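**Student:** Supplied structure: upload-v3.pdb, PDB, C-alpha atoms, pLDDT in the B column.
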ATOM      1  CA  MET A  30     -37.812   6.168  38.666  1.00 70.00           C
ATOM      2  CA  ARG A  31     -34.169   7.069  39.393  1.00 76.00           C
ATOM      3  CA  ARG A  32     -33.095   3.690  38.132  1.00 78.00           C
ATOM      4  CA  ASP A  33     -34.926   4.219  34.812  1.00 78.00           C
ATOM      5  CA  ILE A  34     -33.261   7.621  34.319  1.00 81.00           C
ATOM      6  CA  LEU A  35     -29.842   6.092  35.068  1.00 78.00           C
ATOM      7  CA  ILE A  36     -30.396   3.288  32.536  1.00 80.00           C
ATOM      8  CA  ILE A  37     -31.549   5.757  29.857  1.00 80.00           C
ATOM      9  CA  ALA A  38     -28.522   8.003  30.533  1.00 77.00           C
ATOM     10  CA  LEU A  39     -26.194   5.002  30.266  1.00 79.00           C
ATOM     11  CA  ILE A  40     -27.769   3.954  26.943  1.00 84.00           C
ATOM     12  CA  VAL A  41     -27.372   7.495  25.559  1.00 78.00           C
ATOM     13  CA  VAL A  42     -23.680   7.563  26.573  1.00 80.00           C
ATOM     14  CA  ILE A  43     -23.049   4.170  24.936  1.00 85.00           C
ATOM     15  CA  ILE A  44     -24.765   5.250  21.703  1.00 81.00           C
ATOM     16  CA  ALA A  45     -22.800   8.529  21.630  1.00 70.00           C
ATOM     17  CA  ALA A  46     -19.499   6.712  22.186  1.00 69.00           C
ATOM     18  CA  GLY A  47     -20.357   4.245  19.420  1.00 68.00           C
ATOM     19  CA  ALA A  48     -21.187   7.111  17.047  1.00 60.00           C
ATOM     20  CA  VAL A  49     -17.859   8.833  17.743  1.00 61.00           C
ATOM     21  CA  ILE A  50     -15.898   5.626  17.192  1.00 63.00           C
ATOM     22  CA  GLY A  51     -17.890   4.794  14.046  1.00 59.00           C
ATOM     23  CA  TYR A  52     -17.365   8.287  12.599  1.00 58.00           C
ATOM     24  CA  THR A  53     -13.623   8.179  13.273  1.00 54.00           C
ATOM     25  CA  TYR A  54     -13.189   4.698  11.808  1.00 54.00           C
ATOM     26  CA  PHE A  55     -15.430   4.970   8.736  1.00 55.00           C
ATOM     27  CA  LEU A  56     -16.007   8.626   7.862  1.00 55.00           C
ATOM     28  CA  GLY A  57     -13.371  10.703   9.641  1.00 57.00           C
ATOM     29  CA  PRO A  58     -10.050  11.899   8.320  1.00 64.00           C
ATOM     30  CA  GLY A  59      -8.255   9.054   6.606  1.00 80.00           C
ATOM     31  CA  THR A  60      -5.072   7.355   7.642  1.00 91.00           C
ATOM     32  CA  ALA A  61      -3.337   4.316   6.220  1.00 94.00           C
ATOM     33  CA  GLN A  62      -0.249   2.239   6.679  1.00 96.00           C
ATOM     34  CA  ILE A  63       1.501  -0.350   4.543  1.00 97.00           C
ATOM     35  CA  THR A  64       1.607  -3.534   6.579  1.00 97.00           C
ATOM     36  CA  ASN A  65       3.302  -5.816   4.051  1.00 98.00           C
ATOM     37  CA  VAL A  66       4.865  -5.901   0.582  1.00 98.00           C
ATOM     38  CA  SER A  67       5.648  -9.149  -1.193  1.00 97.00           C
ATOM     39  CA  THR A  68       6.344 -10.565  -4.637  1.00 97.00           C
ATOM     40  CA  ASP A  69       5.590 -14.003  -6.014  1.00 97.00           C
ATOM     41  CA  LYS A  70       9.342 -14.761  -6.108  1.00 95.00           C
ATOM     42  CA  SER A  71      12.512 -13.308  -4.630  1.00 90.00           C
ATOM     43  CA  LEU A  72      14.674 -13.980  -7.714  1.00 95.00           C
ATOM     44  CA  TYR A  73      13.708 -12.796 -11.197  1.00 94.00           C
ATOM     45  CA  HIS A  74      15.194 -13.064 -14.672  1.00 91.00           C
ATOM     46  CA  SER A  75      15.026 -10.750 -17.689  1.00 87.00           C
ATOM     47  CA  LYS A  76      11.561  -9.969 -19.035  1.00 89.00           C
ATOM     48  CA  GLU A  77       9.695 -11.981 -16.376  1.00 94.00           C
ATOM     49  CA  ILE A  78       6.416 -10.759 -14.926  1.00 96.00           C
ATOM     50  CA  MET A  79       6.775  -9.708 -11.291  1.00 97.00           C
ATOM     51  CA  ASN A  80       3.565  -9.968  -9.242  1.00 98.00           C
ATOM     52  CA  ILE A  81       3.648  -7.375  -6.450  1.00 98.00           C
ATOM     53  CA  THR A  82       1.188  -7.544  -3.543  1.00 98.00           C
ATOM     54  CA  VAL A  83       0.814  -4.624  -1.140  1.00 98.00           C
ATOM     55  CA  ILE A  84      -1.272  -4.994   1.998  1.00 98.00           C
ATOM     56  CA  ALA A  85      -2.475  -1.725   3.497  1.00 96.00           C
ATOM     57  CA  SER A  86      -4.580  -1.036   6.546  1.00 95.00           C
ATOM     58  CA  SER A  87      -6.700   2.101   6.518  1.00 94.00           C
ATOM     59  CA  ARG A  88      -9.123   4.073   8.640  1.00 91.00           C
ATOM     60  CA  GLY A  89     -11.553   6.748   7.567  1.00 84.00           C
ATOM     61  CA  ASP A  90     -12.042   8.150   4.077  1.00 81.00           C
ATOM     62  CA  MET A  91      -9.179   6.981   1.864  1.00 89.00           C
ATOM     63  CA  SER A  92     -10.837   7.328  -1.520  1.00 86.00           C
ATOM     64  CA  ASN A  93      -8.740   8.860  -4.298  1.00 88.00           C
ATOM     65  CA  THR A  94      -5.481   7.487  -2.953  1.00 95.00           C
ATOM     66  CA  THR A  95      -2.543   6.549  -5.165  1.00 96.00           C
ATOM     67  CA  LEU A  96      -0.255   3.528  -4.847  1.00 97.00           C
ATOM     68  CA  LYS A  97       3.134   4.650  -6.144  1.00 98.00           C
ATOM     69  CA  LEU A  98       5.789   2.074  -7.125  1.00 98.00           C
ATOM     70  CA  THR A  99       9.286   3.258  -8.028  1.00 98.00           C
ATOM     71  CA  GLY A 100      12.550   1.380  -8.303  1.00 95.00           C
ATOM     72  CA  ILE A 101      14.873  -1.024 -10.078  1.00 93.00           C
ATOM     73  CA  GLN A 102      17.203   1.844 -10.867  1.00 93.00           C
ATOM     74  CA  ASN A 103      19.736   1.227 -13.638  1.00 91.00           C
ATOM     75  CA  ARG A 104      23.293   2.539 -13.640  1.00 90.00           C
ATOM     76  CA  TYR A 105      22.138   5.648 -15.550  1.00 90.00           C
ATOM     77  CA  GLY A 106      19.857   6.608 -12.640  1.00 91.00           C
ATOM     78  CA  GLU A 107      16.632   5.710 -14.472  1.00 92.00           C
ATOM     79  CA  ALA A 108      13.884   3.837 -12.629  1.00 94.00           C
ATOM     80  CA  GLN A 109      12.763   0.780 -14.603  1.00 93.00           C
ATOM     81  CA  LEU A 110       9.620   0.595 -12.472  1.00 95.00           C
ATOM     82  CA  GLU A 111       7.722   3.853 -12.139  1.00 96.00           C
ATOM     83  CA  ASP A 112       3.971   3.600 -11.879  1.00 96.00           C
ATOM     84  CA  GLU A 113       1.081   5.251 -10.057  1.00 97.00           C
ATOM     85  CA  ILE A 114      -2.091   3.249  -9.527  1.00 97.00           C
ATOM     86  CA  PRO A 115      -5.288   4.967  -8.308  1.00 96.00           C
ATOM     87  CA  VAL A 116      -6.859   3.047  -5.410  1.00 95.00           C
ATOM     88  CA  ASN A 117      -9.853   3.528  -3.132  1.00 92.00           C
ATOM     89  CA  LEU A 118      -8.932   2.058   0.236  1.00 93.00           C
ATOM     90  CA  THR A 119     -11.784   0.812   2.397  1.00 91.00           C
ATOM     91  CA  PRO A 120     -11.595   0.821   6.192  1.00 91.00           C
ATOM     92  CA  GLY A 121      -9.639  -2.185   7.383  1.00 92.00           C
ATOM     93  CA  ARG A 122      -7.337  -4.461   5.390  1.00 95.00           C
ATOM     94  CA  ASN A 123      -6.807  -3.812   1.663  1.00 95.00           C
ATOM     95  CA  ILE A 124      -4.932  -6.114  -0.722  1.00 97.00           C
ATOM     96  CA  LEU A 125      -3.480  -4.303  -3.747  1.00 97.00           C
ATOM     97  CA  LYS A 126      -1.974  -6.301  -6.613  1.00 97.00           C
ATOM     98  CA  TYR A 127       0.174  -5.087  -9.487  1.00 97.00           C
ATOM     99  CA  ASP A 128       2.010  -6.916 -12.294  1.00 97.00           C
ATOM    100  CA  HIS A 129       5.182  -5.473 -13.813  1.00 96.00           C
ATOM    101  CA  LYS A 130       7.185  -6.848 -16.731  1.00 94.00           C
ATOM    102  CA  LEU A 131      10.846  -6.667 -15.864  1.00 90.00           C
ATOM    103  CA  PRO A 132      13.294  -5.167 -18.352  1.00 85.00           C
ATOM    104  CA  THR A 133      16.160  -6.925 -20.035  1.00 81.00           C
ATOM    105  CA  CYS A 134      18.928  -7.473 -17.523  1.00 72.00           C
ATOM    106  CA  SER A 135      22.076  -6.658 -19.447  1.00 73.00           C
ATOM    107  CA  SER A 136      24.790  -4.119 -19.880  1.00 69.00           C
ATOM    108  CA  CYS A 137      22.766  -2.404 -22.666  1.00 72.00           C
ATOM    109  CA  SER A 138      19.840  -1.622 -20.351  1.00 76.00           C
ATOM    110  CA  GLY A 139      22.178  -0.627 -17.524  1.00 83.00           C
ATOM    111  CA  LEU A 140      20.992  -3.436 -15.257  1.00 86.00           C
ATOM    112  CA  SER A 141      23.521  -5.880 -13.942  1.00 88.00           C
ATOM    113  CA  ALA A 142      22.614  -8.958 -11.961  1.00 88.00           C
ATOM    114  CA  GLY A 143      22.093  -8.077  -8.315  1.00 91.00           C
ATOM    115  CA  ALA A 144      19.727  -6.733  -5.680  1.00 94.00           C
ATOM    116  CA  TYR A 145      17.352  -3.880  -6.526  1.00 94.00           C
ATOM    117  CA  GLU A 146      15.006  -1.849  -4.355  1.00 96.00           C
ATOM    118  CA  ILE A 147      11.377  -0.953  -4.952  1.00 97.00           C
ATOM    119  CA  ASP A 148       9.923   2.033  -3.100  1.00 98.00           C
ATOM    120  CA  VAL A 149       6.232   1.572  -2.274  1.00 98.00           C
ATOM    121  CA  ALA A 150       4.172   4.577  -1.164  1.00 98.00           C
ATOM    122  CA  LEU A 151       0.570   5.538  -0.531  1.00 97.00           C
ATOM    123  CA  VAL A 152      -0.124   9.123  -1.585  1.00 96.00           C
ATOM    124  CA  LYS A 153      -3.254  11.152  -0.742  1.00 93.00           C
ATOM    125  CA  ASP A 154      -3.758  14.726  -1.902  1.00 89.00           C
ATOM    126  CA  GLY A 155      -0.101  14.942  -2.934  1.00 91.00           C
ATOM    127  CA  ASN A 156       1.207  13.863   0.484  1.00 93.00           C
ATOM    128  CA  VAL A 157       2.954  10.565   1.191  1.00 95.00           C
ATOM    129  CA  ILE A 158       0.995   8.997   4.043  1.00 95.00           C
ATOM    130  CA  ALA A 159       2.829   5.660   4.183  1.00 96.00           C
ATOM    131  CA  ASN A 160       5.897   4.190   2.522  1.00 97.00           C
ATOM    132  CA  THR A 161       8.300   1.280   2.684  1.00 98.00           C
ATOM    133  CA  THR A 162      11.041  -0.345   0.617  1.00 97.00           C
ATOM    134  CA  TYR A 163      11.179  -3.887  -0.743  1.00 97.00           C
ATOM    135  CA  SER A 164      14.144  -5.683  -2.379  1.00 96.00           C
ATOM    136  CA  ILE A 165      14.290  -8.200  -5.211  1.00 95.00           C
ATOM    137  CA  ASP A 166      17.162  -9.958  -6.973  1.00 94.00           C
ATOM    138  CA  LEU A 167      17.681  -9.877 -10.750  1.00 91.00           C
ATOM    139  CA  GLU A 168      19.726 -12.296 -12.868  1.00 88.00           C
ATOM    140  CA  GLN A 169      20.237 -12.671 -16.617  1.00 78.00           C
TER     141      GLN A 169
END
Translate this structure into structure tokens?
**Tutor:**
Amino acid sequence: MRRDILIIALIVVIIAAGAVIGYTYFLGPGTAQITNVSTDKSLYHSKEIMNITVIASSRGDMSNTTLKLTGIQNRYGEAQLEDEIPVNLTPGRNILKYDHKLPTCSSCSGLSAGAYEIDVALVKDGNVIANTTYSIDLEQ
């Protein structure tokens, strides 16, 4: 009899622990991190299409999140890449892809050949929850 009660108590504890872990991972407050940013090439030329891939890992509810890409700043201080993409992150690994047509690389557009940074951020409810920077090279 005592053994049966002990086994039942142990089963209840295991189920409760599983429920707490499941709630935190799938339904609890959301968290995310950017684990990797990459492009299809490291060197680009004027007017090429740049394929950006962002890998994010998330836990909990991360619906209504925004992937914000900003960068390739010209000499006038204007970002040539400035976009916000709505995303719904699912628990676990998420692969986010974005294509951006690069501007003309010349003195008229304020872009000289060289290295340029792209700021990548995940924003939820107006708060940046994860961010990183990635660099590319531009030539004529």
**Student:** Do a neighbour search on range 140-149 of chain A at 9 Å with all atoms listed in the file, toss out local chain neighbours closer than 3 positions, and write the hits as a count of residues only.
**Tutor:** 31
**Student:** Evaluating the PyMOL selection byres ((chain A and resi 88) around 6) on the displayed file yields which residues, as a list in words?
**Tutor:**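 For this structure, the PyMOL selection byres ((chain A and resi 88) around 6) resolves to Tyr54, Gly59, Thr60, Ser87, Gly89 and Pro120 of chain A.
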**Student:** In terms of the shortest atom-to-atom distance over all atoms listed in the file, which of A:Ser67, A:Val42, A:Glu111, A:Ile34 is closest to Ala85 in chain A?
**Tutor:**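 Closest residue, counting all atoms listed in the file: A:Ser67.
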**Student:** Write out as a PyMOL selection string the residues lying within 9 Å of Ile158 in chain A, counting only C-alpha atoms and excluding same-chain residues fewer than 4 positions away.
**Tutor:** chain A and resi 60-62+150-153
**Student:** Determine the nearest neighbour of Asn156 in chain A from the options A:Ser75, A:Gln109, A:Ser138, A:Thr95, counting all atoms listed in the file.
**Tutor:**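 Among A:Ser75, A:Gln109, A:Ser138, A:Thr95, it is A:Thr95 that comes nearest to Asn156 in chain A.
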**Student:** I'd like the interatomic distance between CA of Val116 in chain A and CA of Met79 in chain A, to a tenth of an Å.
**Tutor:**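 Calculated distance between CA of Val116 in chain A and CA of Met79 in chain A is 19.6 Å.
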**Student:** In terms of the shortest atom-to-atom distance over all atoms listed in the file, which of A:Thr94, A:Asn80, A:Val41, A:Leu131 is closest to Ile114 in chain A?
**Tutor:**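 Answer, going by the shortest atom-to-atom distance: A:Thr94.
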**Student:** Show me the residues close to (-2.9, -5.3, -2.4) - anything with an atom within 7 Å, counting all atoms listed in the file - and format the list as a PyMOL selection string.
**Tutor:** chain A and resi 82-85+123-126
**Student:** Is it possible to get the axis-aligned box enclosing range 99-113 of chain A (all listed atoms, 4 Å extra per side) as lines of an AutoDock Vina configuration file, with centre and edge lengths in Å rounded to one decimal?
**Tutor:**
center_x = 12.2
center_y = 2.8
center_z = -11.8
size_x = 30.2
size_y = 15.6
size_z = 15.5
